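The next block holds one structure in the form of structure tokens; read it before the comments.
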Amino acid sequence: ERKTVYEIAAEVTAGVPRVRAEQERFFALLRRWGWMVPTAVLRRLWVRFLFRWYFFGRREAGTFSVSYLEVVDFGVSLLSTMTGILTIGRVRDRVVAFEGRPVVRPTVTLACAVDHRVWDGLRAARFLNEVKAVLESEDLVAELPVQETERGP
């Protein structure tokens, strides 16, 4: 809660290579031992079984996912093994009402799919409202890095 959005983004960006390397090691292990299952059909069935197994899926998939869909306005991800997925559509200029007048503003559509064994709908709504408040707050603008403008002669 004490980190800025940019610190969180930097931390996530720094962690991506580690997560991808772990995932690649896991798939290499599956490929190495895959010869023990004689046919491709049986191998697919075995992998499906593993991913449906609760602990295996949670270990490999994580608990919460954020998906950004830059080519569509709206999308809802289906839960597989995660407790929640926040899906963010592309940012588009739209006409919205502001102080009783129509104005053009950048907008985005957010969707949150949750596992109801872990979250209830009210908590998911509170989470989405908190994300909305952060995105609309002036604090987010204050966190933007200052960019120096080029000075002419």
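Labeling convention for the structure tokens: chains A, B, ... as they appear, residues from 1 per chain, ligands from 1 in order of appearance.
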message: Neighbouring residues of Ser67 in chain A were defined as those with any atom within 7 Å, considering only C-alpha atoms; residues of the same chain fewer than 4 positions away were excluded. Please report them as a ChimeraX atom specification.
response: /A:86-88
message: Neighbouring residues of range 115-123 of chain A were defined as those with any atom within 8 Å, considering only C-alpha atoms; residues of the same chain fewer than 3 positions away were excluded. Please report them as a ChimeraX atom specification.
response: /A:79,82-84,126-127
Could you write those residues out with N, CA, C and O atoms, as a CSV table (one decimal), in the first residue's frame?
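New file selection06.csv:
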chain,number,residue,atom,x,y,z
A,79,LEU,N,-12.3,-17.8,-15.5
A,79,LEU,CA,-11.5,-18.3,-14.4
A,79,LEU,C,-11.1,-19.7,-14.7
A,79,LEU,O,-11.9,-20.5,-15.1
A,82,MET,N,-7.4,-19.4,-11.1
A,82,MET,CA,-7.1,-18.2,-10.3
A,82,MET,C,-8.3,-17.8,-9.4
A,82,MET,O,-9.4,-18.2,-9.7
A,83,THR,N,-8.0,-17.0,-8.4
A,83,THR,CA,-9.1,-16.5,-7.6
A,83,THR,C,-9.7,-15.3,-8.2
A,83,THR,O,-10.9,-15.0,-7.9
A,84,GLY,N,-9.0,-14.6,-9.1
A,84,GLY,CA,-9.6,-13.4,-9.7
A,84,GLY,C,-8.8,-13.0,-10.9
A,84,GLY,O,-7.6,-13.2,-11.0
A,126,ARG,N,-16.3,-3.7,-4.6
A,126,ARG,CA,-15.5,-2.7,-3.9
A,126,ARG,C,-14.1,-2.6,-4.5
A,126,ARG,O,-13.5,-1.5,-4.6
A,127,PHE,N,-13.6,-3.8,-4.9
A,127,PHE,CA,-12.2,-3.8,-5.5
A,127,PHE,C,-12.3,-2.9,-6.8
A,127,PHE,O,-11.4,-2.1,-7.0
query: Which residues, written as a list in words, have at least one atom at most 12 Å from Ala111 in chain A, with only C-alpha atoms counted and residues fewer than 5 positions away on the same chain left out?
result: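 So the residues in contact are Ser65, Val66, Ser67, Tyr68, Leu69, Asp73, Phe74, Gly75, Val76, Ser77, Leu78, Gly84, Ile85, Leu86, Thr87, Ile88, Gly89, Ala124, Ala125, Phe127, Leu128, Asn129, Val131 and Lys132 of chain A.
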Hey, what's within 10 Å of Arg105 in chain A if we count only C-alpha atoms and toss same-chain stuff fewer than 4 positions away? As a JSON list (two decimals) with all heavy atoms, in the first residue's frame, please?
[["chain", "number", "residue", "atom", "x", "y", "z"],
["A", 91, "VAL", "N", -8.00, 1.81, -24.09],
["A", 91, "VAL", "CA", -8.37, 3.18, -23.73],
["A", 91, "VAL", "C", -8.84, 3.87, -25.00],
["A", 91, "VAL", "O", -8.13, 3.86, -26.01],
["A", 91, "VAL", "CB", -7.17, 3.93, -23.11],
["A", 91, "VAL", "CG1", -7.54, 5.35, -22.78],
["A", 91, "VAL", "CG2", -6.66, 3.19, -21.88],
["A", 92, "ARG", "N", -10.04, 4.45, -24.93],
["A", 92, "ARG", "CA", -10.62, 5.14, -26.09],
["A", 92, "ARG", "C", -11.20, 6.47, -25.66],
["A", 92, "ARG", "O", -11.67, 6.62, -24.53],
["A", 92, "ARG", "CB", -11.76, 4.32, -26.69],
["A", 92, "ARG", "CG", -11.31, 3.12, -27.46],
["A", 92, "ARG", "CD", -12.44, 2.42, -28.15],
["A", 92, "ARG", "NE", -13.14, 3.33, -29.06],
["A", 92, "ARG", "CZ", -14.33, 3.10, -29.53],
["A", 92, "ARG", "NH1", -14.99, 2.02, -29.17],
["A", 92, "ARG", "NH2", -14.92, 3.94, -30.36],
["A", 93, "ASP", "N", -11.18, 7.42, -26.58],
["A", 93, "ASP", "CA", -11.88, 8.68, -26.34],
["A", 93, "ASP", "C", -13.37, 8.45, -26.55],
["A", 93, "ASP", "O", -13.78, 7.89, -27.57],
["A", 93, "ASP", "CB", -11.39, 9.77, -27.30],
["A", 93, "ASP", "CG", -10.00, 10.27, -26.93],
["A", 93, "ASP", "OD1", -9.62, 10.13, -25.75],
["A", 93, "ASP", "OD2", -9.32, 10.81, -27.82],
["A", 94, "ARG", "N", -14.17, 8.89, -25.56],
["A", 94, "ARG", "CA", -15.62, 8.76, -25.64],
["A", 94, "ARG", "C", -16.25, 10.04, -25.14],
["A", 94, "ARG", "O", -15.66, 10.78, -24.35],
["A", 94, "ARG", "CB", -16.11, 7.59, -24.79],
["A", 94, "ARG", "CG", -15.70, 6.24, -25.30],
["A", 94, "ARG", "CD", -16.36, 5.13, -24.49],
["A", 94, "ARG", "NE", -15.98, 3.83, -24.97],
["A", 94, "ARG", "CZ", -14.96, 3.11, -24.50],
["A", 94, "ARG", "NH1", -14.23, 3.57, -23.54],
["A", 94, "ARG", "NH2", -14.70, 1.92, -25.01],
["A", 95, "VAL", "N", -17.47, 10.27, -25.57],
["A", 95, "VAL", "CA", -18.23, 11.42, -25.08],
["A", 95, "VAL", "C", -18.88, 11.00, -23.77],
["A", 95, "VAL", "O", -19.60, 10.01, -23.71],
["A", 95, "VAL", "CB", -19.29, 11.86, -26.11],
["A", 95, "VAL", "CG1", -20.12, 13.00, -25.55],
["A", 95, "VAL", "CG2", -18.64, 12.24, -27.42],
["A", 96, "VAL", "N", -18.60, 11.76, -22.71],
["A", 96, "VAL", "CA", -19.18, 11.49, -21.39],
["A", 96, "VAL", "C", -19.73, 12.80, -20.83],
["A", 96, "VAL", "O", -19.35, 13.89, -21.27],
["A", 96, "VAL", "CB", -18.14, 10.90, -20.42],
["A", 96, "VAL", "CG1", -17.68, 9.54, -20.88],
["A", 96, "VAL", "CG2", -16.96, 11.83, -20.24],
["A", 97, "ALA", "N", -20.62, 12.68, -19.87],
["A", 97, "ALA", "CA", -21.16, 13.87, -19.20],
["A", 97, "ALA", "C", -20.20, 14.32, -18.11],
["A", 97, "ALA", "O", -19.77, 13.52, -17.28],
["A", 97, "ALA", "CB", -22.53, 13.57, -18.61],
["A", 98, "PHE", "N", -19.86, 15.60, -18.12],
["A", 98, "PHE", "CA", -18.99, 16.18, -17.08],
["A", 98, "PHE", "C", -19.57, 17.53, -16.71],
["A", 98, "PHE", "O", -19.65, 18.43, -17.55],
["A", 98, "PHE", "CB", -17.55, 16.31, -17.59],
["A", 98, "PHE", "CG", -16.61, 16.88, -16.57],
["A", 98, "PHE", "CD1", -16.21, 16.12, -15.48],
["A", 98, "PHE", "CD2", -16.13, 18.17, -16.71],
["A", 98, "PHE", "CE1", -15.34, 16.64, -14.55],
["A", 98, "PHE", "CE2", -15.27, 18.70, -15.78],
["A", 98, "PHE", "CZ", -14.87, 17.94, -14.69]]
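Taking CA of Val134 in chain A and CA of Glu7 in chain A as the two end points, the separation is 14.8 Å.
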- prompt: Got a sec to tell me which of chain A DSSP assigns to helix (DSSP H, G or I), as a ChimeraX atom specification?
  reply: /A:5-36,40-52,54-61,121-136,138-143
